[in-house]
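So this one's entry_28.txt, compact mmCIF, C-alpha atoms:
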```txt
# COMPACT_ATOMS: atom_id res chain seq x y z
CA MET A 1 113.44 -48.45 6.63
CA ALA A 2 112.60 -45.39 8.73
CA TYR A 3 112.23 -42.05 7.02
CA GLU A 4 113.20 -38.84 8.76
CA LYS A 5 110.67 -36.34 7.44
CA LEU A 6 109.56 -34.21 10.34
CA GLY A 7 105.92 -33.22 10.61
CA GLN A 8 104.45 -35.79 8.23
CA SER A 9 104.13 -39.52 7.82
CA PRO A 10 106.15 -40.96 4.92
CA LEU A 11 103.64 -43.79 4.42
CA ASP A 12 100.57 -43.10 2.28
CA TYR A 13 97.63 -45.04 3.72
CA MET A 14 95.40 -43.99 0.80
CA PRO A 15 92.35 -43.37 3.04
CA CYS A 16 88.99 -44.23 1.55
CA ARG A 17 85.32 -44.73 2.43
CA TYR A 18 82.95 -47.56 1.67
CA GLY A 19 79.22 -47.31 1.06
CA ALA A 20 77.31 -45.32 3.66
CA SER A 21 80.05 -45.56 6.26
CA LYS A 22 81.40 -42.31 7.71
CA LEU A 23 84.69 -43.97 8.62
CA LEU A 24 87.97 -43.58 6.76
CA PHE A 25 89.71 -46.89 6.16
CA ARG A 26 93.08 -47.78 4.71
CA GLY A 27 93.20 -48.07 0.95
CA PRO A 28 93.58 -48.68 -1.83
CA ARG A 29 89.82 -48.93 -2.16
CA ARG A 30 88.57 -52.40 -2.98
CA GLU A 31 85.60 -53.48 -5.11
CA PHE A 32 83.08 -56.14 -4.13
CA ASP A 33 82.35 -57.77 -7.50
CA ALA A 34 84.21 -60.97 -6.53
CA PRO A 35 84.32 -63.09 -3.35
CA TYR A 36 86.11 -61.20 -0.60
CA VAL A 37 87.28 -61.35 3.00
CA ALA A 38 86.44 -58.46 5.35
CA CYS A 39 89.13 -57.72 7.93
CA LEU A 40 87.81 -55.77 10.93
CA GLY A 41 90.08 -54.65 13.72
CA GLY A 42 92.28 -52.05 15.30
CA THR A 43 95.77 -50.67 14.85
CA GLU A 44 97.31 -53.97 13.75
CA THR A 45 94.65 -54.66 11.12
CA TYR A 46 95.03 -51.10 9.83
CA GLY A 47 98.79 -51.61 9.71
CA LYS A 48 100.08 -48.40 11.24
CA PHE A 49 103.67 -47.88 9.98
CA ILE A 50 103.44 -51.14 7.99
CA GLU A 51 103.74 -51.12 4.18
CA ALA A 52 101.92 -54.44 3.80
CA PRO A 53 99.74 -55.34 6.81
CA PHE A 54 98.37 -58.86 7.14
CA PRO A 55 95.20 -58.22 5.02
CA ALA A 56 97.43 -57.17 2.12
CA LEU A 57 99.71 -60.17 2.64
CA LEU A 58 96.71 -62.51 2.67
CA GLU A 59 95.45 -60.99 -0.56
CA ALA A 60 98.84 -61.35 -2.21
CA ARG A 61 99.18 -65.01 -1.18
CA THR A 62 95.64 -66.11 -2.05
CA GLY A 63 94.50 -63.79 -4.83
CA VAL A 64 91.34 -63.19 -2.81
CA THR A 65 90.28 -59.58 -2.17
CA CYS A 66 90.91 -58.82 1.50
CA VAL A 67 89.28 -55.52 2.46
CA ASN A 68 91.02 -53.65 5.26
CA PHE A 69 88.42 -52.34 7.72
CA GLY A 70 90.99 -51.68 10.42
CA LEU A 71 90.96 -48.46 12.43
CA PRO A 72 93.71 -47.31 14.81
CA ASN A 73 92.72 -48.00 18.44
CA ALA A 74 89.31 -49.32 17.45
CA GLY A 75 87.13 -50.96 20.06
CA ILE A 76 83.88 -52.85 19.63
CA ASP A 77 81.73 -49.71 19.61
CA VAL A 78 83.01 -48.27 16.35
CA PHE A 79 81.75 -51.26 14.35
CA LEU A 80 78.48 -51.56 16.27
CA ASN A 81 77.83 -47.88 15.49
CA ASP A 82 78.43 -48.29 11.76
CA PRO A 83 75.75 -50.40 10.02
CA GLY A 84 77.34 -49.62 6.65
CA VAL A 85 80.48 -51.59 7.51
CA LEU A 86 78.48 -54.46 9.01
CA SER A 87 76.40 -54.66 5.83
CA ILE A 88 79.55 -55.07 3.72
CA ALA A 89 81.01 -57.57 6.19
CA ASN A 90 77.86 -59.68 6.06
CA ASN A 91 78.31 -60.17 2.32
CA ALA A 92 81.87 -61.43 2.74
CA ARG A 93 82.81 -65.10 2.49
CA LEU A 94 84.71 -64.67 5.76
CA VAL A 95 85.14 -61.95 8.39
CA VAL A 96 88.49 -61.75 10.17
CA LEU A 97 87.84 -59.93 13.43
CA GLN A 98 90.91 -58.90 15.39
CA VAL A 99 90.24 -59.34 19.11
CA PRO A 100 89.54 -55.81 20.39
CA PRO A 101 90.75 -54.54 23.76
CA ALA A 102 88.27 -54.09 26.59
CA LEU A 103 89.31 -50.56 27.53
CA ASN A 104 88.15 -48.72 24.39
CA MET A 105 84.37 -48.91 24.74
CA SER A 106 81.65 -47.11 26.62
CA ASN A 107 80.52 -48.75 29.85
CA ARG A 108 78.80 -47.84 33.11
CA PHE A 109 81.94 -46.08 34.38
CA TYR A 110 82.92 -43.93 31.38
CA THR A 111 82.00 -42.97 27.82
CA VAL A 112 84.28 -43.07 24.78
CA HIS A 113 84.02 -41.32 21.42
CA PRO A 114 81.73 -43.35 19.13
CA ARG A 115 84.24 -43.43 16.26
CA ARG A 116 87.59 -42.85 17.96
CA ASN A 117 87.16 -45.35 20.74
CA ASP A 118 90.44 -44.57 22.50
CA ARG A 119 89.19 -41.04 23.25
CA PHE A 120 87.83 -40.62 26.76
CA VAL A 121 84.72 -38.43 26.74
CA LYS A 122 83.39 -38.36 30.29
CA ALA A 123 83.28 -40.20 33.59
CA SER A 124 79.97 -41.41 35.00
CA ALA A 125 78.73 -40.53 38.46
CA SER A 126 79.63 -44.08 39.53
CA LEU A 127 83.28 -43.67 38.52
CA LYS A 128 83.51 -40.29 40.20
CA SER A 129 82.13 -41.77 43.42
CA VAL A 130 84.71 -44.60 43.34
CA PHE A 131 87.61 -42.20 42.68
CA ARG A 132 86.58 -39.01 44.43
CA GLU A 133 90.15 -37.73 44.55
CA VAL A 134 90.61 -37.82 40.76
CA ASP A 135 89.98 -34.89 38.41
CA PHE A 136 88.73 -36.56 35.24
CA THR A 137 88.93 -33.39 33.18
CA GLU A 138 92.67 -34.04 32.90
CA PHE A 139 92.23 -37.12 30.68
CA HIS A 140 91.75 -37.37 26.94
CA PHE A 141 92.59 -41.05 26.35
CA THR A 142 91.29 -44.20 28.00
CA ARG A 143 94.70 -45.84 28.49
CA HIS A 144 96.14 -42.78 30.20
CA MET A 145 93.16 -42.57 32.53
CA LEU A 146 93.21 -46.25 33.45
CA ARG A 147 96.94 -46.22 34.14
CA HIS A 148 96.38 -43.32 36.51
CA LEU A 149 93.47 -44.99 38.29
CA ARG A 150 95.43 -48.20 38.76
CA GLY A 151 98.25 -46.21 40.34
CA VAL A 152 95.89 -44.32 42.66
CA ALA A 153 94.12 -47.37 44.11
CA PRO A 154 94.77 -50.87 42.71
CA ASP A 155 92.02 -52.39 44.85
CA ARG A 156 89.36 -49.98 43.61
CA PHE A 157 90.71 -50.33 40.08
CA ASP A 158 89.62 -53.97 40.15
CA LEU A 159 86.01 -52.75 40.01
CA ILE A 160 86.74 -50.95 36.76
CA ARG A 161 88.57 -53.90 35.22
CA ASP A 162 85.79 -56.32 36.15
CA GLU A 163 83.17 -54.00 34.59
CA LEU A 164 85.19 -53.70 31.39
CA GLN A 165 85.58 -57.46 31.09
CA ALA A 166 81.86 -58.09 31.62
CA ALA A 167 80.95 -55.33 29.17
CA TRP A 168 83.37 -56.76 26.58
CA ILE A 169 81.66 -60.15 26.62
CA ALA A 170 78.18 -58.61 26.36
CA ARG A 171 79.18 -56.20 23.58
CA MET A 172 81.07 -58.86 21.62
CA ARG A 173 78.03 -61.13 21.71
CA VAL A 174 75.93 -58.33 20.27
CA LEU A 175 78.47 -57.63 17.51
CA LEU A 176 78.85 -61.29 16.59
CA HIS A 177 75.08 -61.69 16.51
CA GLN A 178 74.92 -58.93 13.91
CA VAL A 179 77.64 -60.46 11.73
CA THR A 180 76.01 -63.19 9.65
CA ALA A 181 79.15 -64.21 7.73
CA PRO A 182 81.52 -66.78 9.29
CA VAL A 183 83.95 -65.10 11.69
CA ALA A 184 87.58 -65.95 12.36
CA LEU A 185 88.50 -64.29 15.64
CA LEU A 186 92.15 -63.26 15.45
CA TRP A 187 94.36 -62.96 18.52
CA MET A 188 97.30 -60.86 17.34
CA SER A 189 99.39 -59.72 20.27
CA ALA A 190 102.85 -59.70 21.78
CA HIS A 191 101.55 -61.99 24.54
CA ALA A 192 99.47 -65.16 24.50
CA PRO A 193 95.94 -65.17 25.99
CA GLN A 194 96.15 -65.32 29.77
CA GLU A 195 93.96 -67.01 32.37
CA SER A 196 93.89 -63.91 34.57
CA ALA A 197 94.07 -60.15 34.17
CA ALA A 198 94.63 -59.45 37.88
CA SER A 199 97.80 -57.56 36.98
CA PRO A 200 96.88 -56.21 33.54
CA ASP A 201 99.46 -54.85 31.19
CA LEU A 202 97.94 -51.73 29.66
CA VAL A 203 100.69 -51.40 27.08
CA HIS A 204 99.95 -54.47 24.99
CA ASP A 205 96.51 -55.02 23.49
CA PRO A 206 94.06 -56.60 23.64
CA ALA A 207 94.14 -55.19 27.17
CA PHE A 208 92.17 -57.06 29.87
CA VAL A 209 90.98 -59.84 27.54
CA THR A 210 91.44 -63.31 29.05
CA CYS A 211 91.08 -66.92 27.91
CA ALA A 212 87.71 -67.16 29.69
CA MET A 213 86.44 -64.13 27.75
CA LEU A 214 87.46 -65.71 24.45
CA ASP A 215 85.76 -68.94 25.49
CA ALA A 216 82.56 -67.00 26.27
CA VAL A 217 82.23 -65.86 22.65
CA ARG A 218 83.78 -68.92 20.98
CA PRO A 219 80.38 -70.54 20.21
CA GLN A 220 79.53 -67.56 17.94
CA VAL A 221 82.63 -67.77 15.73
CA ALA A 222 83.91 -70.25 13.19
CA CYS A 223 87.33 -70.38 14.84
CA VAL A 224 89.78 -68.54 17.07
CA ILE A 225 93.18 -68.03 15.45
CA ASP A 226 96.06 -67.61 17.89
CA ALA A 227 98.66 -65.47 16.14
CA THR A 228 100.69 -64.64 19.24
CA VAL A 229 103.85 -63.06 17.90
CA SER A 230 106.99 -65.18 18.12
CA ALA A 231 110.02 -64.13 20.13
CA GLU A 232 111.99 -63.91 16.87
CA ALA A 233 109.52 -61.45 15.36
CA LEU A 234 109.39 -59.37 18.54
CA ALA A 235 113.19 -59.20 18.62
CA LEU A 236 113.17 -57.38 15.28
CA GLY A 237 111.46 -54.42 16.93
CA SER A 238 110.61 -51.66 14.47
CA ARG A 239 112.88 -53.01 11.72
CA GLY A 240 111.10 -52.76 8.37
CA MET A 241 108.49 -50.27 9.61
CA VAL A 242 108.01 -46.94 7.86
CA PHE A 243 107.85 -43.86 10.07
CA SER A 244 109.17 -40.36 10.49
CA GLU A 245 111.52 -39.30 13.27
CA LEU A 246 108.60 -37.86 15.24
CA GLU A 247 106.74 -41.18 14.96
CA GLY A 248 109.60 -43.31 16.21
CA SER A 249 108.47 -43.77 19.81
CA ALA A 250 104.95 -44.70 18.69
CA ALA A 251 106.27 -47.18 16.14
CA CYS A 252 108.37 -48.96 18.76
CA GLU A 253 105.20 -49.84 20.69
CA LEU A 254 103.58 -51.60 17.72
CA LEU A 255 104.07 -54.95 16.02
CA GLY A 256 106.37 -55.05 13.01
CA PRO A 257 106.22 -56.62 9.54
CA ALA A 258 107.36 -60.04 10.78
CA ALA A 259 104.34 -60.19 13.11
CA HIS A 260 102.04 -59.40 10.18
CA ALA A 261 103.65 -62.16 8.13
CA GLU A 262 103.00 -64.62 10.96
CA ALA A 263 99.37 -63.51 11.27
CA ALA A 264 98.83 -63.91 7.53
CA ALA A 265 100.33 -67.42 7.65
CA ALA A 266 98.05 -68.37 10.56
CA LEU A 267 94.97 -67.09 8.71
CA LEU A 268 95.82 -68.60 5.34
CA PRO A 269 94.15 -72.03 5.86
CA ILE A 270 90.84 -70.59 7.07
CA VAL A 271 90.72 -68.10 4.17
CA VAL A 272 91.38 -70.88 1.65
CA GLU A 273 88.71 -73.04 3.29
CA HIS A 274 85.97 -70.41 3.17
CA VAL A 275 86.71 -68.89 -0.19
CA ARG A 276 87.51 -72.29 -1.75
CA ILE A 277 90.21 -71.19 -4.14
```
Whole structure, C-alpha cells version:
Amino acid sequence: MAYEKLGQSPLDYMPCRYGASKLLFRGPRREFDAPYVACLGGTETYGKFIEAPFPALLEARTGVTCVNFGLPNAGIDVFLNDPGVLSIANNARLVVLQVPPALNMSNRFYTVHPRRNDRFVKASASLKSVFREVDFTEFHFTRHMLRHLRGVAPDRFDLIRDELQAAWIARMRVLLHQVTAPVALLWMSAHAPQESAASPDLVHDPAFVTCAMLDAVRPQVACVIDATVSAEALALGSRGMVFSELEGSAACELLGPAAHAEAAAALLPIVVEHVRI
C-alpha cells in the first residue's frame, strides 16, 4: 500500500550503527550472541520502500539472525573502506553479498564518495582528455554522468565501460580476500546475467556486470545464487511497496516485495546448510 504523506517517508527504517562503523544501516539493531548471517549489499538488500526485505524474510523463515548491512546504491568501495563491518561479517556463519554494480566505485577515470558510492566526486585527467567537450562540474551522480557520456560518444564510452569492468573484478577479489566467512554471492536483478555488456542498460543494476566477471570471482565464493526476478514478480510493479507520493517514481524503478520473497527462497538452502539449523 502506498501512503500519500508529502515530504516524508512513511516507512521507518530504524537506522542504527554497529561497532566502530560510521555507516547507518537498516534496523532494528541485531545482537551477535547467536549464530548469524551477514547480508551485505545495495538498495535491494537495504529494502528501500520494502517492509520486509529478503534478510528479514530469511530470518523469519529460519529463525537465524540475518543482519542487514545493505546501503542504498552501495558499491564495493563502501565495504572496503569500513573495517568495522568486515570484522562483523567475518564472524558470521555466512555472508550474503549482493552483486554490486560496476559504476559506483572509484577508478582511473573518476572518483566516488567513499561512503555514498553513487555520488560522483571528480573526473580524472584521463577522463577529461577522452571527453574534452564535457563539463564534469554538471554531474553529481555516477549514473547520470555515464548516461550522458554514452550519449555523447558511444565508441569512446567503451573505454570507460571496459575500465569499470576490469576495476570491478580487481576490487571484488580484494573484498572477497578480506572476507574470511563463506560467501554466497547473490544476483538479484530484473535481468539475468549477460554474456556481454556492449549495450549496457544503466537503469537496472548490477550495471555492466557480465557472466565472465562473475566467473572471475567464483573461485573465492561458496556459491553464486541466481535470484533473477521472475516475470510474474516484475509484473506486480510497485504493488505492496510503501512510499509517499513524492517517492512514487523512485519506487517504480526498484524491485518489489515479490522479488524479495523469491530471493529469500533462493537463499534458504544455503543459509540452512551453513547455520545447520
Can you list, as a list in words, every protein, DNA or RNA residue that comes within 8 Å of A:Asp77 when you count only C-alpha atoms, leaving out same-chain residues fewer than 2 positions away?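 Contacts, in chain order: Ala74, Gly75, Phe79, Leu80, Asn81, Met105, Ser106, Pro114, Arg115 and Asn117 of chain A.
Candidate residues A:Arg156, A:Arg132, A:Lys122, A:Arg93 were compared for distance to A:Arg276, and the nearest is A:Arg93, using all atoms listed in the file.
In terms of minimum interatomic distance to A:Phe32, A:Val64 ranks closest within A:Glu245, A:Val95, A:Gly47, A:Val64, counting all atoms listed in the file.
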Non-local contacts of stretch 250-262 of chain A (10 Å; only C-alpha atoms; under 6 positions in same chain excluded) as an mmCIF file with C-alpha atoms, in the frame of the given file:
```cif
data_model
loop_
_atom_site.group_PDB
_atom_site.id
_atom_site.type_symbol
_atom_site.label_atom_id
_atom_site.label_comp_id
_atom_site.auth_asym_id
_atom_site.auth_seq_id
_atom_site.Cartn_x
_atom_site.Cartn_y
_atom_site.Cartn_z
ATOM 1 C CA ALA A 2 112.600 -45.390 8.730
ATOM 2 C CA THR A 43 95.770 -50.670 14.850
ATOM 3 C CA GLU A 44 97.310 -53.970 13.750
ATOM 4 C CA THR A 45 94.650 -54.660 11.120
ATOM 5 C CA GLY A 47 98.790 -51.610 9.710
ATOM 6 C CA LYS A 48 100.080 -48.400 11.240
ATOM 7 C CA PHE A 49 103.670 -47.880 9.980
ATOM 8 C CA ILE A 50 103.440 -51.140 7.990
ATOM 9 C CA GLU A 51 103.740 -51.120 4.180
ATOM 10 C CA ALA A 52 101.920 -54.440 3.800
ATOM 11 C CA PRO A 53 99.740 -55.340 6.810
ATOM 12 C CA PHE A 54 98.370 -58.860 7.140
ATOM 13 C CA PRO A 55 95.200 -58.220 5.020
ATOM 14 C CA ALA A 56 97.430 -57.170 2.120
ATOM 15 C CA LEU A 57 99.710 -60.170 2.640
ATOM 16 C CA LEU A 58 96.710 -62.510 2.670
ATOM 17 C CA MET A 188 97.300 -60.860 17.340
ATOM 18 C CA SER A 189 99.390 -59.720 20.270
ATOM 19 C CA ALA A 190 102.850 -59.700 21.780
ATOM 20 C CA VAL A 203 100.690 -51.400 27.080
ATOM 21 C CA HIS A 204 99.950 -54.470 24.990
ATOM 22 C CA ASP A 205 96.510 -55.020 23.490
ATOM 23 C CA ALA A 227 98.660 -65.470 16.140
ATOM 24 C CA THR A 228 100.690 -64.640 19.240
ATOM 25 C CA VAL A 229 103.850 -63.060 17.900
ATOM 26 C CA SER A 230 106.990 -65.180 18.120
ATOM 27 C CA ALA A 231 110.020 -64.130 20.130
ATOM 28 C CA GLU A 232 111.990 -63.910 16.870
ATOM 29 C CA ALA A 233 109.520 -61.450 15.360
ATOM 30 C CA LEU A 234 109.390 -59.370 18.540
ATOM 31 C CA ALA A 235 113.190 -59.200 18.620
ATOM 32 C CA LEU A 236 113.170 -57.380 15.280
ATOM 33 C CA GLY A 237 111.460 -54.420 16.930
ATOM 34 C CA SER A 238 110.610 -51.660 14.470
ATOM 35 C CA ARG A 239 112.880 -53.010 11.720
ATOM 36 C CA GLY A 240 111.100 -52.760 8.370
ATOM 37 C CA MET A 241 108.490 -50.270 9.610
ATOM 38 C CA VAL A 242 108.010 -46.940 7.860
ATOM 39 C CA PHE A 243 107.850 -43.860 10.070
ATOM 40 C CA SER A 244 109.170 -40.360 10.490
ATOM 41 C CA LEU A 268 95.820 -68.600 5.340
#
```
Neighbour list for A:Val272 as a list in words, cut-off 12 Å, all atoms listed in the file, skip fewer than 3 positions in-chain: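 Listed by chain and then number, they are Pro35, Tyr36, Val37, Leu58, Glu59, Arg61, Thr62, Gly63, Val64, Thr65, Arg93, Leu94, Ala264, Ala265, Ala266, Leu267, Leu268, Pro269, Val275, Arg276 and Ile277 of chain A.
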Could you give me, as a PyMOL selection string, the residues that have an atom at most 12 Å away from the point (78.6, -59.0, 7.6) in the coordinates of the file, using all atoms listed in the file? chain A and resi 36-40+69+79-80+82-97+175-183
Residues from last step as file, C-alpha atoms, as a short mmCIF file (atom, residue, chain, number, x, y, z; two decimals), in the frame of the given file:
```cif
data_model
loop_
_atom_site.label_atom_id
_atom_site.label_comp_id
_atom_site.auth_asym_id
_atom_site.auth_seq_id
_atom_site.Cartn_x
_atom_site.Cartn_y
_atom_site.Cartn_z
CA TYR A 36 86.11 -61.20 -0.60
CA VAL A 37 87.28 -61.35 3.00
CA ALA A 38 86.44 -58.46 5.35
CA CYS A 39 89.13 -57.72 7.93
CA LEU A 40 87.81 -55.77 10.93
CA PHE A 69 88.42 -52.34 7.72
CA PHE A 79 81.75 -51.26 14.35
CA LEU A 80 78.48 -51.56 16.27
CA ASP A 82 78.43 -48.29 11.76
CA PRO A 83 75.75 -50.40 10.02
CA GLY A 84 77.34 -49.62 6.65
CA VAL A 85 80.48 -51.59 7.51
CA LEU A 86 78.48 -54.46 9.01
CA SER A 87 76.40 -54.66 5.83
CA ILE A 88 79.55 -55.07 3.72
CA ALA A 89 81.01 -57.57 6.19
CA ASN A 90 77.86 -59.68 6.06
CA ASN A 91 78.31 -60.17 2.32
CA ALA A 92 81.87 -61.43 2.74
CA ARG A 93 82.81 -65.10 2.49
CA LEU A 94 84.71 -64.67 5.76
CA VAL A 95 85.14 -61.95 8.39
CA VAL A 96 88.49 -61.75 10.17
CA LEU A 97 87.84 -59.93 13.43
CA LEU A 175 78.47 -57.63 17.51
CA LEU A 176 78.85 -61.29 16.59
CA HIS A 177 75.08 -61.69 16.51
CA GLN A 178 74.92 -58.93 13.91
CA VAL A 179 77.64 -60.46 11.73
CA THR A 180 76.01 -63.19 9.65
CA ALA A 181 79.15 -64.21 7.73
CA PRO A 182 81.52 -66.78 9.29
CA VAL A 183 83.95 -65.10 11.69
#
```
Residues within 12 Å of A:Arg218, please, as an MDAnalysis selection string. Count all atoms listed in the file; anything in the same chain fewer than 3 positions from it doesn't count. chainID A and resid 99 169 172:173 176 183:186 211:215 221:225
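Applying the 10 Å criterion to (84.8, -45.5, 5.9) in file coordinates and using only C-alpha atoms, one obtains the residues Pro15, Cys16, Arg17, Tyr18, Gly19, Ala20, Ser21, Lys22, Leu23, Leu24, Phe25, Arg26, Phe69, Gly70, Leu71, Asp82, Gly84 and Val85 of chain A.
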At what distance in Å, to one decimal, does atom CA of A:Val67 lie from atom CA of A:Val271?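 Atom CA of A:Val67 lies at a distance of 12.8 Å from atom CA of A:Val271.
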If we count only C-alpha atoms, what is near A:Thr210 at a cut-off of 12 Å, once residues fewer than 3 positions away on the same chain are taken out, given as a PyMOL selection string? chain A and resi 99-102+161-162+164-166+168-169+187+191-201+205-207+213-217
Enclose all atoms of stretch 81-87 of chain A listed in the file in an axis-aligned box, grow every side by 5 Å, and hand back centre and edge lengths in Å to one decimal, as AutoDock Vina command-line options.
```
--center_x 78.1 --center_y -51.3 --center_z 10.7 --size_x 14.7 --size_y 16.8 --size_z 19.7
```
Quote the spacing between atom CA of A:His274 and atom CA of A:Ala170 in Å to one decimal place. 27.2 Å
In Å, how far is it from atom CA of A:Asn73 to atom CA of A:Gly42?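 Here the two named atoms are 5.1 Å from each other.
Among the candidates A:Ala34, A:Leu11, A:Arg171, A:Pro219, the residue lying nearest to A:Val78 is A:Arg171 (atoms considered: all atoms listed in the file).
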